[in-house]
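Novice: If it helps, the file is called upload_8.csv and holds CSV, C-alpha atoms:
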chain,number,residue,atom,x,y,z
A,191,MET,CA,-12.2,-16.8,17.7
A,192,GLY,CA,-14.0,-19.8,16.2
A,193,SER,CA,-14.5,-20.8,12.7
A,194,SER,CA,-17.7,-21.7,10.9
A,195,GLY,CA,-19.0,-24.9,12.4
A,196,ASP,CA,-17.8,-24.2,15.9
A,197,GLU,CA,-21.4,-24.5,17.3
A,198,ILE,CA,-20.2,-27.2,19.7
A,199,LYS,CA,-20.3,-25.7,23.2
A,200,SER,CA,-16.8,-24.3,24.1
A,201,ALA,CA,-15.2,-25.2,20.7
A,202,GLY,CA,-12.7,-22.5,19.8
A,203,ARG,CA,-12.9,-20.8,23.2
A,204,SER,CA,-9.7,-19.2,24.4
A,205,ILE,CA,-8.1,-17.4,27.2
A,206,GLY,CA,-4.8,-15.6,27.4
A,207,ALA,CA,-2.6,-13.2,29.4
A,208,SER,CA,0.5,-11.3,28.7
A,209,LEU,CA,2.9,-9.2,30.7
A,210,ALA,CA,5.4,-6.6,29.4
A,211,TYR,CA,8.1,-4.7,31.1
A,212,GLN,CA,10.1,-1.7,29.7
A,213,SER,CA,12.9,0.2,31.4
A,214,GLY,CA,14.9,2.6,29.3
A,215,PRO,CA,16.3,0.7,26.3
A,216,ALA,CA,15.3,-2.7,27.6
A,217,PHE,CA,11.9,-4.4,26.8
A,218,ALA,CA,10.7,-7.9,27.8
A,219,SER,CA,7.4,-9.7,27.5
A,220,VAL,CA,5.8,-13.1,28.2
A,221,ALA,CA,2.4,-14.4,27.0
A,222,VAL,CA,0.4,-17.5,27.6
A,223,HIS,CA,-2.7,-18.8,25.8
A,224,ARG,CA,-5.1,-21.7,26.3
A,225,GLY,CA,-7.7,-22.5,23.7
A,226,ARG,CA,-10.1,-25.3,22.9
A,227,GLN,CA,-9.8,-27.3,19.7
A,228,PHE,CA,-12.0,-26.0,16.8
A,229,ALA,CA,-14.9,-28.2,15.9
A,230,ALA,CA,-13.6,-28.5,12.3
A,231,ASP,CA,-10.4,-30.2,13.7
A,232,ILE,CA,-12.2,-33.0,15.7
A,233,PRO,CA,-14.8,-35.7,14.9
A,234,ALA,CA,-18.5,-34.7,15.1
A,235,GLY,CA,-19.8,-34.8,18.6
A,236,ALA,CA,-16.4,-34.9,20.3
A,237,THR,CA,-15.7,-32.6,23.2
A,238,PRO,CA,-13.1,-30.0,22.4
A,239,ASP,CA,-9.9,-30.4,24.4
A,240,TRP,CA,-7.6,-27.6,25.7
A,241,GLN,CA,-4.4,-26.8,23.9
A,242,GLN,CA,-1.8,-24.2,24.9
A,243,SER,CA,0.9,-21.9,23.7
A,244,TRP,CA,3.4,-19.5,25.3
A,245,ALA,CA,6.0,-17.0,24.2
A,246,VAL,CA,8.8,-14.9,25.6
A,247,GLY,CA,10.5,-12.0,23.8
A,248,GLY,CA,12.7,-9.1,24.4
A,249,ALA,CA,14.6,-6.2,22.8
A,250,TYR,CA,17.4,-3.9,23.7
A,251,ASP,CA,18.2,-0.6,22.0
A,252,PHE,CA,21.9,0.0,21.9
A,253,SER,CA,21.3,3.3,19.9
A,254,LEU,CA,23.5,2.1,17.1
A,255,VAL,CA,21.5,-1.1,16.7
A,256,LYS,CA,18.3,-2.5,18.3
A,257,LEU,CA,18.5,-6.2,18.9
A,258,PHE,CA,15.4,-8.4,19.5
A,259,GLY,CA,14.6,-12.0,19.9
A,260,GLY,CA,12.1,-14.5,21.2
A,261,TYR,CA,10.8,-18.0,21.6
A,262,TYR,CA,7.3,-19.5,21.0
A,263,ARG,CA,5.9,-23.0,21.7
A,264,PHE,CA,2.5,-24.5,20.8
A,265,THR,CA,1.4,-27.8,22.2
A,266,PRO,CA,-1.8,-28.9,20.4
A,267,SER,CA,-4.0,-31.5,22.0
A,268,THR,CA,-4.0,-34.9,20.2
A,269,ASP,CA,-7.2,-36.0,22.0
A,270,ASN,CA,-10.0,-36.5,19.5
A,271,LEU,CA,-7.5,-36.7,16.6
A,272,LYS,CA,-6.3,-39.6,14.6
A,273,VAL,CA,-2.5,-39.0,14.7
A,274,THR,CA,-0.9,-39.5,11.3
A,275,ALA,CA,2.6,-38.8,9.8
A,276,ALA,CA,1.5,-35.2,9.1
A,277,THR,CA,0.2,-34.5,12.6
A,278,THR,CA,2.2,-31.8,14.5
A,279,LEU,CA,2.5,-32.9,18.1
A,280,ARG,CA,4.4,-29.7,19.1
A,281,SER,CA,5.8,-26.7,17.3
A,282,GLU,CA,8.4,-24.2,18.5
A,283,SER,CA,10.1,-21.2,17.0
A,284,GLY,CA,13.0,-19.0,18.0
A,285,TRP,CA,14.1,-15.8,16.4
A,286,LEU,CA,16.8,-13.1,16.5
A,287,GLY,CA,16.8,-9.9,14.7
A,288,ALA,CA,18.2,-6.4,14.4
A,289,ARG,CA,17.1,-2.9,13.4
A,290,ILE,CA,20.0,-0.9,12.2
A,291,PRO,CA,19.7,2.8,11.4
A,292,VAL,CA,22.3,3.5,8.7
A,293,SER,CA,21.4,7.3,8.4
A,294,PRO,CA,18.8,9.6,9.8
A,295,ASN,CA,16.2,8.5,7.2
A,296,ASN,CA,17.3,5.0,6.4
A,297,THR,CA,17.0,1.7,8.4
A,298,VAL,CA,17.9,-1.9,7.7
A,299,ILE,CA,15.9,-4.6,9.4
A,300,THR,CA,17.0,-8.2,9.5
A,301,GLN,CA,15.6,-11.4,11.1
A,302,LEU,CA,16.4,-15.1,11.3
A,303,MET,CA,13.9,-17.6,12.7
A,304,LEU,CA,14.2,-21.4,13.2
A,305,SER,CA,11.0,-23.4,13.5
A,306,ARG,CA,10.7,-27.1,14.5
A,307,TYR,CA,7.7,-29.4,14.4
A,308,ARG,CA,7.6,-32.7,16.3
A,309,HIS,CA,5.8,-35.6,14.5
A,310,MET,CA,5.0,-39.1,15.6
A,311,ASP,CA,7.8,-41.6,16.3
A,312,GLY,CA,9.4,-42.8,13.1
A,313,VAL,CA,8.6,-39.6,11.1
A,314,GLU,CA,11.3,-37.0,10.5
A,315,ASN,CA,10.6,-33.9,12.5
A,316,GLY,CA,9.8,-30.8,10.5
A,317,LYS,CA,12.2,-27.9,10.4
A,318,ALA,CA,12.0,-24.5,8.7
A,319,LEU,CA,14.5,-21.6,8.5
A,320,THR,CA,13.1,-18.2,7.7
A,321,MET,CA,15.3,-15.2,6.7
A,322,GLY,CA,14.2,-11.7,6.3
A,323,LEU,CA,15.8,-8.4,5.1
A,324,ALA,CA,14.1,-5.0,4.8
A,325,PHE,CA,15.2,-1.5,3.9
A,326,GLU,CA,13.1,1.5,5.0
A,327,HIS,CA,13.5,5.1,3.8
A,328,ALA,CA,11.6,7.6,6.0
A,329,LEU,CA,9.9,10.4,4.1
A,330,SER,CA,8.5,11.8,7.3
A,331,LYS,CA,7.9,10.7,10.9
A,332,ARG,CA,4.7,8.8,9.8
A,333,THR,CA,5.5,7.8,6.2
A,334,ALA,CA,8.2,5.6,4.7
A,335,LEU,CA,9.1,3.7,1.5
A,336,TYR,CA,10.3,0.1,1.9
A,337,ALA,CA,11.7,-2.9,0.1
A,338,ALA,CA,11.5,-6.3,1.9
A,339,TRP,CA,12.7,-9.8,0.9
A,340,GLY,CA,12.1,-13.0,2.7
A,341,ARG,CA,13.1,-16.7,2.2
A,342,LEU,CA,11.8,-19.8,3.9
A,343,ASN,CA,13.6,-23.1,3.6
A,344,ASN,CA,11.5,-26.2,4.6
A,345,ASN,CA,12.9,-29.6,5.2
A,346,ALA,CA,11.1,-32.7,3.7
A,347,THR,CA,8.4,-32.8,6.4
A,348,SER,CA,7.7,-29.1,6.8
A,349,SER,CA,5.4,-26.9,4.7
A,350,ASN,CA,5.6,-23.5,6.4
A,351,TRP,CA,4.2,-20.4,4.8
A,352,LEU,CA,6.2,-17.2,4.4
A,353,TRP,CA,4.2,-14.4,5.9
A,354,GLY,CA,5.0,-10.8,5.2
A,355,SER,CA,3.2,-7.5,5.7
A,356,THR,CA,1.9,-7.5,2.1
A,357,VAL,CA,2.4,-11.0,0.8
A,358,VAL,CA,1.9,-14.6,1.9
A,359,ALA,CA,3.9,-17.2,-0.1
A,360,THR,CA,2.7,-20.8,0.3
A,361,PRO,CA,4.8,-23.9,-0.7
A,362,ALA,CA,3.5,-26.2,-3.3
A,363,ARG,CA,4.3,-29.3,-1.2
A,364,ALA,CA,6.1,-30.3,2.0
A,365,GLY,CA,9.8,-29.6,1.5
A,366,ALA,CA,9.3,-26.8,-1.0
A,367,ASP,CA,11.1,-23.5,-0.3
A,368,VAL,CA,9.5,-20.1,-0.9
A,369,SER,CA,10.7,-16.6,-1.2
A,370,ALA,CA,9.1,-13.2,-1.8
A,371,LEU,CA,10.0,-9.6,-2.5
A,372,SER,CA,7.7,-6.7,-1.8
A,373,VAL,CA,8.1,-2.9,-2.2
A,374,GLY,CA,5.8,-0.2,-1.2
A,375,MET,CA,5.0,2.7,1.1
A,376,TRP,CA,3.5,2.7,4.6
A,377,HIS,CA,1.8,5.5,6.5
A,378,ARG,CA,0.9,5.6,10.2
A,379,PHE,CA,-2.4,7.4,10.8
Do you think you could lay out the structure here as structure tokens?

Specialist:
Amino acid sequence: MGSSGDEIKSAGRSIGASLAYQSGPAFASVAVHRGRQFAADIPAGATPDWQQSWAVGGAYDFSLVKLFGGYYRFTPSTDNLKVTAATTLRSESGWLGARIPVSPNNTVITQLMLSRYRHMDGVENGKALTMGLAFEHALSKRTALYAAWGRLNNNATSSNWLWGSTVVATPARAGADVSALSVGMWHRF
């Protein structure tokens, strides 16, 4: 998907593939993606270069608790870019979580994610720790009430956003921490 201004031939083009496997309580997946730089990210007239990302993930349902985790890496191309102290040369994230039914209608969900951002030599690498906790109360098979809290701690060279299902919290500057609380109801149609 390209952004406005991606009229350069092949800018923003992408290709990807994924494979998933499930057997009983076990689930595993792997995905790869290659995409061309967006025109807005490179100098006018430059030829967009390929960049790539990949991810692996899995889950296992132990009945009393469902554990899940994964790893993601993005390697952007630095061709056509003027590399500065703020340029990310590689980003990677790993996460672990659990879904814990505490009664027939109530579930607690928790997740912890560590993200790292490699910068040019001489610049401290970025690091962000994200924590999430949610509580769901099922009203039926398709409807539930929820309360969710998230916190993201950025180091001095990281300015990650905290993304949630109903809210996005952005830090005011690199190194700023953000948190959010949301409550609501969801319904599956």

Novice: As an exercise, work out the distance from atom CA of A:Phe325 to atom CA of A:Thr297 in Å and give it to one decimal place.

Specialist: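 Interatomic distance, atom CA of A:Phe325 to atom CA of A:Thr297: 5.8 Å.
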
Novice: Quick one, how far is atom CA of A:Tyr250 from atom CA of A:Ala210?

Specialist: 13.6 Å

Novice: So, counting all atoms listed in the file, which residue among A:Ala234, A:Leu271, A:Val357, A:Ala221 is closest to A:Gly247?

Specialist: A:Ala221

Novice: Tell me, in Å to one decimal, how far atom CA of A:Met321 is from atom CA of A:Val358.

Specialist: 14.2 Å

Novice: Got a sec to check which residues sit within 9 Å of (16.6, -2.2, 20.4), counting all atoms listed in the file, and write them as a PyMOL selection string?

Specialist: chain A and resi 215-217+248-258+288-290

Novice: Find, counting all atoms listed in the file, the residue in A:Ala359, A:Ala245, A:Ala276, A:Ala328 that gets nearest to A:Gly312.

Specialist: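 Going through A:Ala359, A:Ala245, A:Ala276, A:Ala328 one by one, the smallest distance to A:Gly312 is for A:Ala276.
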
Novice: Could you check the closest approach to A:Met375 for each of A:Thr333, A:Gln301, A:Thr278, A:Ser349 and tell me which residue wins, using only C-alpha atoms?

Specialist: A:Thr333

Novice: Can you pull out the residues contacting A:Leu352? Cut-off 8 Å, using only C-alpha atoms, and skip same-chain residues under 2 positions away; I want them as a list in words.

Specialist: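 Residues meeting the cut-off are Thr320, Gly340, Arg341, Leu342, Asn350, Gly354, Val358, Ala359, Thr360, Val368, Ser369 and Ala370 of chain A.
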
Novice: Which residues come within 12 Å of A:Ala275, counting all atoms listed in the file, excluding same-chain residues fewer than 4 positions away, as a tab-separated table (two decimals) with C-alpha atoms, keeping the file's coordinate frame?

Specialist:
chain	number	residue	atom	x	y	z
A	279	LEU	CA	2.50	-32.90	18.10
A	307	TYR	CA	7.70	-29.40	14.40
A	308	ARG	CA	7.60	-32.70	16.30
A	309	HIS	CA	5.80	-35.60	14.50
A	310	MET	CA	5.00	-39.10	15.60
A	311	ASP	CA	7.80	-41.60	16.30
A	312	GLY	CA	9.40	-42.80	13.10
A	313	VAL	CA	8.60	-39.60	11.10
A	314	GLU	CA	11.30	-37.00	10.50
A	315	ASN	CA	10.60	-33.90	12.50
A	316	GLY	CA	9.80	-30.80	10.50
A	347	THR	CA	8.40	-32.80	6.40
A	348	SER	CA	7.70	-29.10	6.80

Novice: Which residues come within 9 Å of A:Pro233, counting only C-alpha atoms, excluding same-chain residues fewer than 4 positions away, as a list of chain:residue names?

Specialist: A:Ala229, A:Thr237, A:Asn270, A:Leu271

Novice: Show me, as number ranges by chain, the residues that have an atom within 10 Å of stretch 293-295 of chain A when counting all atoms listed in the file, minus same-chain residues fewer than 2 positions from it.

Specialist: A: 290-291, 297-298, 326-331, 334
